[in-house]
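The block underneath contains the structure these notes are about, expressed in structure tokens.
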Amino acid sequence: MKSARERQSVKFGILLPTREVVMSRLRDPATTIYPLAERAEALGFCSLWVGDSITAKPRLEAVTTLAAVAARTHRVRLGTAVLLAALRHPILLAHSIANLDWLSGGRVILGIGYGRPKDPAQQHEFEALGLSIERRIKMSEEMVHVMRRLWREENVSHKGSFTSFHNVTLDPKPVQPGGVPIWLASNDVEPGLKRVARMGDGWLNNITSPLVYRECLDRIRQYAADAGRDPRAIEPAAYLTVAAGAEEKIREGKAFLEEYYKKPYESVARAMVCFLGSWQEVLDRIEAYREAGARTMIIRFAARDQIAHLEACAESLASRGLFPSN
């Protein structure tokens with residue numbers, strides 16, 4: 001039997017609904033985003049996250065949204081889950097993220113993902129910016145290298161496959177020593193797991209099986225050790241979509257996801273982690289990922305009333321000793 005302290009070693013974060021507020025045509029999205037962020041911090045959640053897209057899936061812009069949320073909060077970490085870094089120039093992105101870290105007092109996590117090349121809207125998004133979606137992963141790898149140098153060094157020069165520049169110094173640097181931690185996304189894809197092991201400060205994913213999650217985490221740790229890195233330095237996270245409670249909440253969650261993705265719920269659930277059921281059923285599944293090694297869990301609510309779901313989530317987690325009681 002694990003102690004309450006051991007069970008609370010998992011850190012829970014909340015995804016802010018930056019796409020939902022645009023889809024719902026709210027005149028003032030801040031009436032949803034700010035109260036949710038402030039209440040999540042007050043309840044004891046450890047982090048707040050935002051997704052990213054420019055044209056493919058219209059939503060509030062990630063970095064400026066986190067800057068606004070940073071001004072309304074004091075303790076929570078602020079992260080992207082995930083940012084399509086390849087859509088930005090590395091110097092500009094490094095500067096924006098460093099400024100966000102400085103303004104927030106060192107609370108930023110930069111989660112980087114890569115998108116889906118077979119998605120026509122995402123293909124168009126890259127093309128509209130004059131970029132090749134087929135080269136997005138190599139571009140992102142180079143960006144990680146460039147940004148870390150810009151955060152740590154002065155007078156940086158770089159000649160790469162995608163970006164070249166000479167004698168660039170960024171100020172301010174991030175508050176966090178060594179720069180902002182970069183978490184990389186990968187599901188059960190061998191090159192992606194090796195990339196996390198080689199370059200990532202954390203691992204983001206939505207792997208649909210706790211057993212597969214555990215297998216992937218073991219491989220990441222072995223690859224990291226083989227590369228001379230400390231495997232314990234890579235934070236294992238999981239991205240979860242939750243709709244819990246009475247039957248009407250579950251029906252609402254399914255409808256929410258079908259509208260969001262424009263496909264049947266069953267197709268959505270095959271592609272990502274969806275916990276729909278009673279809170280006890282959801283907690284059982286969360287515990288399975290905790291046992292598999294997840295240490296940061298990012299929860300997205302498939303719900304219209306985000307704050308009500310947030311309150312119920314905090315109460316339910318506390319009932320299992322997974323969350324501090326208020």
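Quick note on naming: the chains in the structure tokens go A, B, ... in the order shown, residues restart at 1 in each chain, and ligands are numbered from 1 in order of appearance.
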Problem set entry | Surrounding residues of A:Leu60 excluding itself and chain neighbours under 3 positions, 8 Å, only C-alpha atoms, as a PyMOL selection string | chain A and resi 18-19+22+52+65
Problem set entry | Residues near stretch 235-242 of chain A, cut-off 10 Å, only C-alpha atoms, skip fewer than 5 positions along chain, as a VMD selection string | chain A and resid 10 to 15 81 183 185 200 to 208 213 217 220 250 253 257 269 272 to 277 279 282 286 289 to 290 292 to 303 309 313
Problem set entry | Which of A:Phe323, A:Trp151, A:Tyr34, A:Tyr261 sits closest to A:Lys173 [using only C-alpha atoms] | A:Trp151
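Shortest separation to A:Glu134 among A:Leu110, A:Ala86, A:Ala56, A:Leu310 occurs at residue A:Ala86, atoms counted being only C-alpha atoms.
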For this session: Run DSSP on the backbone of this structure and report the residues of stretch 122-303 of chain A it assigns to alpha helix (DSSP H), as a count of residues only.
Result: 87
Set the distance at 6 Å and use only C-alpha atoms: which residues neighbour A:Leu78 once local chain neighbours fewer than 5 positions away are removed? I'd like the list as a PDB file with C-alpha atoms, in the first residue's frame.
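After the write, part.pdb holds the following:
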ATOM      1  CA  SER A  47       0.039  23.322 -14.180  1.00  0.00           C
ATOM      2  CA  LEU A  48      -2.016  24.935 -16.935  1.00  0.00           C
ATOM      3  CA  TRP A  49      -1.596  24.014 -20.591  1.00  0.00           C
ATOM      4  CA  ARG A 107       7.116  28.825 -14.693  1.00  0.00           C
ATOM      5  CA  VAL A 108       7.203  27.799 -18.369  1.00  0.00           C
TER       6      VAL A 108
END
Problem set entry | Nearest candidate to A:Arg116 (options A:Ile137, A:Leu66, A:Met143, A:Val76; using only C-alpha atoms) |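 Closest to A:Arg116 of all the choices is A:Ile137.
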Exercise. From the list A:Arg59, A:Ser316, A:Ser209, A:Glu258, which residue is nearest A:Gly245 when using only C-alpha atoms?
Worked result: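 Nearest to A:Gly245: A:Ser316.
Atom pair atom CA of A:Ala37 / atom CA of A:Val69: separated by 7.0 Å.
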Problem set entry | Residue among A:Gln123, A:Tyr260, A:His166, A:Ser104 lying closest to A:Met23, counting only C-alpha atoms |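 With only C-alpha atoms as the atom set, the closest residue is A:Tyr260.
With only C-alpha atoms as the basis for measurement, A:Ile91 is the residue among A:Ala246, A:Ile91, A:Arg25, A:Ala121 that approaches A:Phe165 most closely.
We find atom CA of A:Ser9 and atom CA of A:Ala40 to be spaced 17.8 Å apart.
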Problem set entry | Surrounding residues of A:Gln176 excluding itself and chain neighbours under 2 positions, 10 Å, only C-alpha atoms, as a ChimeraX atom specification | /A:98,101-102,105-108,151,173-174,178-181
Just C-alpha atoms for this one: save the residues we selected as a compact mmCIF listing (two decimals), in the first residue's frame.
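Saved to part.txt:
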# COMPACT_ATOMS: atom_id res chain seq x y z
CA ALA A 98 12.26 33.43 -22.78
CA ASP A 101 9.49 32.64 -18.61
CA TRP A 102 10.89 35.95 -17.37
CA GLY A 105 8.91 34.07 -12.76
CA GLY A 106 10.29 30.90 -14.35
CA ARG A 107 7.12 28.83 -14.69
CA VAL A 108 7.20 27.80 -18.37
CA TRP A 151 18.99 30.61 -23.88
CA LYS A 173 17.33 34.94 -20.92
CA PRO A 174 14.84 32.56 -19.27
CA GLY A 178 19.80 26.35 -18.41
CA GLY A 179 16.67 27.59 -20.13
CA VAL A 180 13.04 26.53 -20.37
CA PRO A 181 12.52 22.75 -20.12
For this session: Report the distance between atom CA of A:Lys262 and atom CA of A:Gln306 in Å, rounded to one decimal place.
Result: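 Atom-to-atom, atom CA of A:Lys262 to atom CA of A:Gln306, that is 20.7 Å.
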